[in-house]
Structures are given as structure tokens and as C-alpha cells.
$ cat my_file.cif   # mmCIF, N, CA and C atoms
data_my_file
#
loop_
_atom_site.label_atom_id
_atom_site.label_comp_id
_atom_site.auth_asym_id
_atom_site.auth_seq_id
_atom_site.Cartn_x
_atom_site.Cartn_y
_atom_site.Cartn_z
N MET A 1186 4.16 -16.74 -5.60
CA MET A 1186 4.42 -16.24 -6.93
C MET A 1186 3.44 -16.84 -7.93
N ILE A 1187 3.11 -18.09 -7.74
CA ILE A 1187 2.17 -18.72 -8.65
C ILE A 1187 0.79 -18.07 -8.51
N GLY A 1188 0.41 -17.72 -7.27
CA GLY A 1188 -0.86 -17.05 -7.05
C GLY A 1188 -0.92 -15.71 -7.75
N GLY A 1189 0.17 -14.95 -7.73
CA GLY A 1189 0.23 -13.67 -8.42
C GLY A 1189 0.12 -13.84 -9.93
N ILE A 1190 0.77 -14.87 -10.46
CA ILE A 1190 0.70 -15.13 -11.90
C ILE A 1190 -0.71 -15.53 -12.31
N VAL A 1191 -1.35 -16.38 -11.50
CA VAL A 1191 -2.71 -16.80 -11.80
C VAL A 1191 -3.67 -15.61 -11.71
N ALA A 1192 -3.51 -14.76 -10.67
CA ALA A 1192 -4.36 -13.58 -10.54
C ALA A 1192 -4.20 -12.64 -11.72
N ASN A 1193 -2.97 -12.46 -12.19
CA ASN A 1193 -2.72 -11.62 -13.35
C ASN A 1193 -3.37 -12.20 -14.59
N ALA A 1194 -3.28 -13.51 -14.76
CA ALA A 1194 -3.89 -14.15 -15.92
C ALA A 1194 -5.41 -13.99 -15.89
N LEU A 1195 -6.01 -14.14 -14.70
CA LEU A 1195 -7.45 -13.95 -14.58
C LEU A 1195 -7.86 -12.51 -14.87
N LEU A 1196 -7.09 -11.57 -14.37
CA LEU A 1196 -7.38 -10.16 -14.63
C LEU A 1196 -7.30 -9.83 -16.11
N MET A 1197 -6.28 -10.34 -16.77
CA MET A 1197 -6.13 -10.10 -18.20
C MET A 1197 -7.25 -10.77 -18.99
N ALA A 1198 -7.72 -11.92 -18.52
CA ALA A 1198 -8.80 -12.61 -19.24
C ALA A 1198 -10.15 -11.92 -19.03
N LEU A 1199 -10.37 -11.30 -17.88
CA LEU A 1199 -11.66 -10.71 -17.57
C LEU A 1199 -11.81 -9.27 -18.04
N THR A 1200 -10.73 -8.59 -18.34
CA THR A 1200 -10.82 -7.20 -18.77
C THR A 1200 -10.52 -7.08 -20.26
N PRO A 1201 -11.31 -6.30 -20.97
CA PRO A 1201 -11.06 -6.14 -22.40
C PRO A 1201 -9.93 -5.15 -22.65
N GLY A 1202 -9.08 -5.44 -23.56
CA GLY A 1202 -8.00 -4.53 -23.94
C GLY A 1202 -6.91 -4.45 -22.88
N THR A 1203 -6.11 -3.41 -23.01
CA THR A 1203 -5.01 -3.24 -22.06
C THR A 1203 -5.45 -2.39 -20.89
N LEU A 1204 -4.82 -2.61 -19.76
CA LEU A 1204 -5.11 -1.81 -18.57
C LEU A 1204 -4.24 -0.56 -18.58
N GLU A 1205 -4.83 0.56 -18.31
CA GLU A 1205 -4.09 1.82 -18.24
C GLU A 1205 -3.85 2.16 -16.78
N VAL A 1206 -2.62 2.13 -16.36
CA VAL A 1206 -2.25 2.51 -15.00
C VAL A 1206 -1.49 3.81 -15.09
N ASN A 1207 -1.94 4.79 -14.32
CA ASN A 1207 -1.35 6.11 -14.42
C ASN A 1207 -0.86 6.56 -13.05
N LEU A 1208 0.35 6.15 -12.70
CA LEU A 1208 0.96 6.60 -11.46
C LEU A 1208 1.92 7.72 -11.80
N GLN A 1209 1.60 8.92 -11.33
CA GLN A 1209 2.47 10.05 -11.59
C GLN A 1209 2.72 10.79 -10.29
N LEU A 1210 3.88 11.39 -10.19
CA LEU A 1210 4.19 12.20 -9.03
C LEU A 1210 3.36 13.48 -9.06
N GLY A 1211 3.00 13.96 -7.88
CA GLY A 1211 2.25 15.20 -7.79
C GLY A 1211 3.09 16.39 -8.22
N SER A 1212 2.44 17.50 -8.40
CA SER A 1212 3.18 18.69 -8.82
C SER A 1212 4.08 19.16 -7.67
N GLY A 1213 5.30 19.47 -8.00
CA GLY A 1213 6.26 19.93 -7.00
C GLY A 1213 6.96 18.80 -6.26
N VAL A 1214 6.72 17.55 -6.64
CA VAL A 1214 7.37 16.41 -5.99
C VAL A 1214 8.37 15.82 -6.98
N ASN A 1215 9.65 15.77 -6.57
CA ASN A 1215 10.63 15.17 -7.47
C ASN A 1215 10.75 13.67 -7.19
N ARG A 1216 11.55 12.97 -7.96
CA ARG A 1216 11.66 11.52 -7.85
C ARG A 1216 12.20 11.08 -6.50
N THR A 1217 13.18 11.80 -6.00
CA THR A 1217 13.77 11.44 -4.71
C THR A 1217 12.74 11.56 -3.59
N GLN A 1218 11.98 12.64 -3.60
CA GLN A 1218 10.94 12.80 -2.59
C GLN A 1218 9.88 11.71 -2.72
N GLY A 1219 9.53 11.36 -3.94
CA GLY A 1219 8.55 10.30 -4.15
C GLY A 1219 9.02 8.95 -3.63
N VAL A 1220 10.30 8.63 -3.86
CA VAL A 1220 10.85 7.37 -3.37
C VAL A 1220 10.83 7.35 -1.85
N PHE A 1221 11.26 8.43 -1.22
CA PHE A 1221 11.28 8.46 0.24
C PHE A 1221 9.87 8.45 0.83
N PHE A 1222 8.93 9.10 0.17
CA PHE A 1222 7.56 9.08 0.66
C PHE A 1222 6.99 7.67 0.56
N GLU A 1223 7.26 6.97 -0.53
CA GLU A 1223 6.80 5.60 -0.68
C GLU A 1223 7.48 4.68 0.35
N MET A 1224 8.77 4.90 0.59
CA MET A 1224 9.47 4.10 1.60
C MET A 1224 8.87 4.33 2.97
N PHE A 1225 8.54 5.57 3.30
CA PHE A 1225 7.95 5.92 4.59
C PHE A 1225 6.59 5.25 4.78
N THR A 1226 5.73 5.35 3.78
CA THR A 1226 4.39 4.77 3.92
C THR A 1226 4.44 3.23 3.95
N THR A 1227 5.34 2.64 3.18
CA THR A 1227 5.48 1.19 3.20
C THR A 1227 6.05 0.72 4.53
N ALA A 1228 6.99 1.49 5.10
CA ALA A 1228 7.55 1.13 6.40
C ALA A 1228 6.48 1.19 7.49
N ILE A 1229 5.61 2.19 7.44
CA ILE A 1229 4.53 2.27 8.43
C ILE A 1229 3.60 1.06 8.29
N LEU A 1230 3.28 0.67 7.07
CA LEU A 1230 2.42 -0.49 6.87
C LEU A 1230 3.10 -1.76 7.39
N CYS A 1231 4.38 -1.94 7.11
CA CYS A 1231 5.11 -3.12 7.59
C CYS A 1231 5.19 -3.14 9.11
N LEU A 1232 5.44 -1.99 9.72
CA LEU A 1232 5.50 -1.93 11.17
C LEU A 1232 4.15 -2.24 11.80
N SER A 1233 3.08 -1.78 11.19
CA SER A 1233 1.76 -2.09 11.75
C SER A 1233 1.49 -3.59 11.67
N VAL A 1234 1.88 -4.23 10.59
CA VAL A 1234 1.69 -5.67 10.48
C VAL A 1234 2.53 -6.41 11.52
N LEU A 1235 3.79 -5.98 11.68
CA LEU A 1235 4.66 -6.65 12.64
C LEU A 1235 4.19 -6.43 14.08
N MET A 1236 3.80 -5.23 14.41
CA MET A 1236 3.41 -4.93 15.79
C MET A 1236 2.03 -5.50 16.14
N LEU A 1237 1.09 -5.42 15.24
CA LEU A 1237 -0.26 -5.89 15.54
C LEU A 1237 -0.41 -7.40 15.37
N GLY A 1238 0.33 -7.95 14.43
CA GLY A 1238 0.19 -9.38 14.16
C GLY A 1238 1.02 -10.25 15.08
N ALA A 1239 2.12 -9.74 15.59
CA ALA A 1239 3.00 -10.57 16.41
C ALA A 1239 2.67 -10.50 17.90
N GLU A 1240 2.11 -9.41 18.33
CA GLU A 1240 1.85 -9.20 19.75
C GLU A 1240 0.51 -9.82 20.16
N LYS A 1241 0.51 -10.60 21.22
CA LYS A 1241 -0.73 -11.16 21.75
C LYS A 1241 -1.30 -10.16 22.76
N HIS A 1242 -2.49 -9.68 22.49
CA HIS A 1242 -3.10 -8.64 23.30
C HIS A 1242 -4.62 -8.78 23.20
N LEU A 1243 -5.33 -8.01 23.98
CA LEU A 1243 -6.79 -8.05 23.90
C LEU A 1243 -7.31 -7.60 22.54
N LEU A 1244 -6.55 -6.74 21.86
CA LEU A 1244 -6.99 -6.22 20.57
C LEU A 1244 -6.53 -7.06 19.39
N THR A 1245 -5.85 -8.18 19.65
CA THR A 1245 -5.35 -9.03 18.57
C THR A 1245 -6.45 -9.49 17.61
N PRO A 1246 -7.65 -9.84 18.08
CA PRO A 1246 -8.70 -10.23 17.11
C PRO A 1246 -9.09 -9.10 16.15
N HIS A 1247 -8.80 -7.87 16.52
CA HIS A 1247 -9.14 -6.73 15.66
C HIS A 1247 -7.97 -6.29 14.79
N ALA A 1248 -6.90 -7.06 14.77
CA ALA A 1248 -5.72 -6.70 14.00
C ALA A 1248 -6.01 -6.56 12.51
N PRO A 1249 -6.80 -7.43 11.86
CA PRO A 1249 -7.08 -7.22 10.43
C PRO A 1249 -7.76 -5.89 10.15
N LEU A 1250 -8.62 -5.46 11.04
CA LEU A 1250 -9.26 -4.16 10.88
C LEU A 1250 -8.24 -3.03 10.98
N ALA A 1251 -7.30 -3.17 11.90
CA ALA A 1251 -6.24 -2.17 12.03
C ALA A 1251 -5.32 -2.17 10.81
N PHE A 1252 -5.04 -3.35 10.24
CA PHE A 1252 -4.23 -3.41 9.01
C PHE A 1252 -4.93 -2.66 7.88
N ALA A 1253 -6.22 -2.92 7.73
CA ALA A 1253 -6.98 -2.27 6.67
C ALA A 1253 -7.03 -0.76 6.87
N PHE A 1254 -7.22 -0.32 8.10
CA PHE A 1254 -7.26 1.11 8.39
C PHE A 1254 -5.91 1.76 8.11
N THR A 1255 -4.83 1.08 8.47
CA THR A 1255 -3.49 1.62 8.20
C THR A 1255 -3.24 1.72 6.70
N LEU A 1256 -3.59 0.69 5.96
CA LEU A 1256 -3.41 0.71 4.51
C LEU A 1256 -4.23 1.83 3.88
N MET A 1257 -5.49 1.95 4.29
CA MET A 1257 -6.34 2.99 3.74
C MET A 1257 -5.80 4.38 4.05
N SER A 1258 -5.37 4.60 5.28
CA SER A 1258 -4.88 5.93 5.64
C SER A 1258 -3.56 6.25 4.92
N MET A 1259 -2.69 5.28 4.76
CA MET A 1259 -1.44 5.54 4.05
C MET A 1259 -1.69 5.80 2.56
N MET A 1260 -2.66 5.10 1.98
CA MET A 1260 -2.97 5.34 0.58
C MET A 1260 -3.62 6.70 0.39
N MET A 1261 -4.51 7.09 1.30
CA MET A 1261 -5.15 8.40 1.19
C MET A 1261 -4.14 9.53 1.42
N LEU A 1262 -3.16 9.28 2.28
CA LEU A 1262 -2.14 10.28 2.54
C LEU A 1262 -1.22 10.48 1.33
N SER A 1263 -0.88 9.39 0.66
CA SER A 1263 0.13 9.49 -0.40
C SER A 1263 -0.44 9.68 -1.80
N ILE A 1264 -1.75 9.63 -1.98
CA ILE A 1264 -2.30 9.71 -3.33
C ILE A 1264 -1.99 11.04 -4.00
N GLY A 1265 -1.94 12.11 -3.27
CA GLY A 1265 -1.65 13.41 -3.87
C GLY A 1265 -0.19 13.62 -4.20
N TYR A 1266 0.67 12.87 -3.55
CA TYR A 1266 2.12 13.05 -3.75
C TYR A 1266 2.71 12.08 -4.77
N THR A 1267 2.34 10.80 -4.65
CA THR A 1267 2.99 9.79 -5.49
C THR A 1267 2.00 8.98 -6.32
N GLY A 1268 0.72 9.23 -6.22
CA GLY A 1268 -0.25 8.43 -6.95
C GLY A 1268 -0.51 7.10 -6.29
N THR A 1269 -0.02 6.89 -5.09
CA THR A 1269 -0.22 5.69 -4.28
C THR A 1269 0.24 4.45 -5.00
N GLY A 1270 1.53 4.32 -5.12
CA GLY A 1270 2.11 3.11 -5.70
C GLY A 1270 2.69 2.20 -4.63
N MET A 1271 2.12 2.23 -3.42
CA MET A 1271 2.65 1.41 -2.33
C MET A 1271 2.70 -0.05 -2.73
N LYS A 1272 3.82 -0.67 -2.43
CA LYS A 1272 3.97 -2.10 -2.74
C LYS A 1272 4.16 -2.87 -1.48
#
$ encode --input "my_file.cif" --output "C-alpha cells"
Amino acid sequence: MIGGIVANALLMALTPGTLEVNLQLGSGVNRTQGVFFEMFTTAILCLSVLMLGAEKHLLTPHAPLAFAFTLMSMMMLSIGYTGTGMK
């Protein structure tokens, strides 16, 4: 938590003015669909971390690359629907 607070303070100090964040649902997507879509994409990301990070396998050294690919693909998938607010 302290790291997040420090990172926020640094971001606020390095950027002029206020930050404009515009996360909006896509056209034809209601709030319930947006919540479930975000839950689905976040669950996939969590499962990839649990499965790739916990299992000892030949591909374990490449797990960070797989995490990044999963995050990128989930963000690209959801940007049109929810504005990619994955947490």
C-alpha cells in the first residue's frame, strides 16, 4: 500500500494539472454486462498467474512472458466493451 501511495505521489508530481481518465462502457453494453466482462477478464488473468507461477515445469522461466501476453490479450479484448478497467 505504501508503494502505491508513493507511486501516486510521484505521478502527481511529474504530470502537470489533473489526469483525465475516461473509462466508459462501449455502445450497447450495460453496467451488468460490463461488470461481468471485467470479472471474466480479471479471473483469466488471476488463473494464469496461479497456474503458471505455481507449477514447476519446463516453461516456468517463461512465465513472466506468458503473464504479459495474457494481460495484453485481455486488455485488447475488453477495450471495446469496458474501456479496459481491469484491476
$ select_by_dssp --input "my_file.cif" --residues "chain A" --states "helix (DSSP H, G or I)" --output "MDAnalysis selection string"
chainID A and resid 1187:1199 1216:1239 1245:1267
$ atom_distance --input "my_file.cif" --atom1 "CA of Met1257 in chain A" --atom2 "CA of Cys1231 in chain A"
13.5 Å
$ resolve_selection --input "my_file.cif" --expression "the PyMOL selection byres ((chain A and resi 1211) around 6)" --output "number ranges by chain"
A: 1209-1210, 1212-1214, 1265-1268
$ atom_distance --input "my_file.cif" --atom1 "atom N of Thr1255 in chain A" --atom2 "atom N of Thr1227 in chain A"
11.6 Å
$ closest_residue --input "my_file.cif" --among "A:Ala1194, A:Leu1208, A:Met1186, A:Leu1230" --to "Thr1269 in chain A" --atoms "all atoms listed in the file"
A:Leu1208
$ atom_distance --input "my_file.cif" --atom1 "CA of Thr1200 in chain A" --atom2 "CA of Met1259 in chain A"
27.8 Å
$ residues_around --input "my_file.cif" --residues "Phe1254 in chain A" --least-positions-apart "4" --cutoff "12 Å" --atoms "only C-alpha atoms" --output "PDB file with N, CA and C atoms, in the frame of the given file"
ATOM      1  N   ILE A1229       5.610   2.190   7.440  1.00  0.00           N
ATOM      2  CA  ILE A1229       4.530   2.270   8.430  1.00  0.00           C
ATOM      3  C   ILE A1229       3.600   1.060   8.290  1.00  0.00           C
ATOM      4  N   LEU A1230       3.280   0.670   7.070  1.00  0.00           N
ATOM      5  CA  LEU A1230       2.420  -0.490   6.870  1.00  0.00           C
ATOM      6  C   LEU A1230       3.100  -1.760   7.390  1.00  0.00           C
ATOM      7  N   SER A1233       3.080  -1.780  11.190  1.00  0.00           N
ATOM      8  CA  SER A1233       1.760  -2.090  11.750  1.00  0.00           C
ATOM      9  C   SER A1233       1.490  -3.590  11.670  1.00  0.00           C
ATOM     10  N   VAL A1234       1.880  -4.230  10.590  1.00  0.00           N
ATOM     11  CA  VAL A1234       1.690  -5.670  10.480  1.00  0.00           C
ATOM     12  C   VAL A1234       2.530  -6.410  11.520  1.00  0.00           C
ATOM     13  N   HIS A1247      -8.800  -7.870  16.520  1.00  0.00           N
ATOM     14  CA  HIS A1247      -9.140  -6.730  15.660  1.00  0.00           C
ATOM     15  C   HIS A1247      -7.970  -6.290  14.790  1.00  0.00           C
ATOM     16  N   ALA A1248      -6.900  -7.060  14.770  1.00  0.00           N
ATOM     17  CA  ALA A1248      -5.720  -6.700  14.000  1.00  0.00           C
ATOM     18  C   ALA A1248      -6.010  -6.560  12.510  1.00  0.00           C
ATOM     19  N   PRO A1249      -6.800  -7.430  11.860  1.00  0.00           N
ATOM     20  CA  PRO A1249      -7.080  -7.220  10.430  1.00  0.00           C
ATOM     21  C   PRO A1249      -7.760  -5.890  10.150  1.00  0.00           C
ATOM     22  N   LEU A1250      -8.620  -5.460  11.040  1.00  0.00           N
ATOM     23  CA  LEU A1250      -9.260  -4.160  10.880  1.00  0.00           C
ATOM     24  C   LEU A1250      -8.240  -3.030  10.980  1.00  0.00           C
ATOM     25  N   SER A1258      -5.370   4.600   5.280  1.00  0.00           N
ATOM     26  CA  SER A1258      -4.880   5.930   5.640  1.00  0.00           C
ATOM     27  C   SER A1258      -3.560   6.250   4.920  1.00  0.00           C
ATOM     28  N   MET A1259      -2.690   5.280   4.760  1.00  0.00           N
ATOM     29  CA  MET A1259      -1.440   5.540   4.050  1.00  0.00           C
ATOM     30  C   MET A1259      -1.690   5.800   2.560  1.00  0.00           C
ATOM     31  N   MET A1260      -2.660   5.100   1.980  1.00  0.00           N
ATOM     32  CA  MET A1260      -2.970   5.340   0.580  1.00  0.00           C
ATOM     33  C   MET A1260      -3.620   6.700   0.390  1.00  0.00           C
ATOM     34  N   MET A1261      -4.510   7.090   1.300  1.00  0.00           N
ATOM     35  CA  MET A1261      -5.150   8.400   1.190  1.00  0.00           C
ATOM     36  C   MET A1261      -4.140   9.530   1.420  1.00  0.00           C
TER      37      MET A1261
END
$ axis_aligned_box --input "my_file.cif" --around "range 1217-1233 of chain A" --padding-each-side "6 Å" --output "JSON"
{"center_x": 7.6, "center_y": 4.6, "center_z": 2.9, "size_x": 24.3, "size_y": 28.4, "size_z": 29.8}
$ closest_residue --input "my_file.cif" --among "A:Ala1251, A:Asn1193, A:Thr1203, A:Thr1226" --to "Gly1238 in chain A" --atoms "only C-alpha atoms"
A:Ala1251
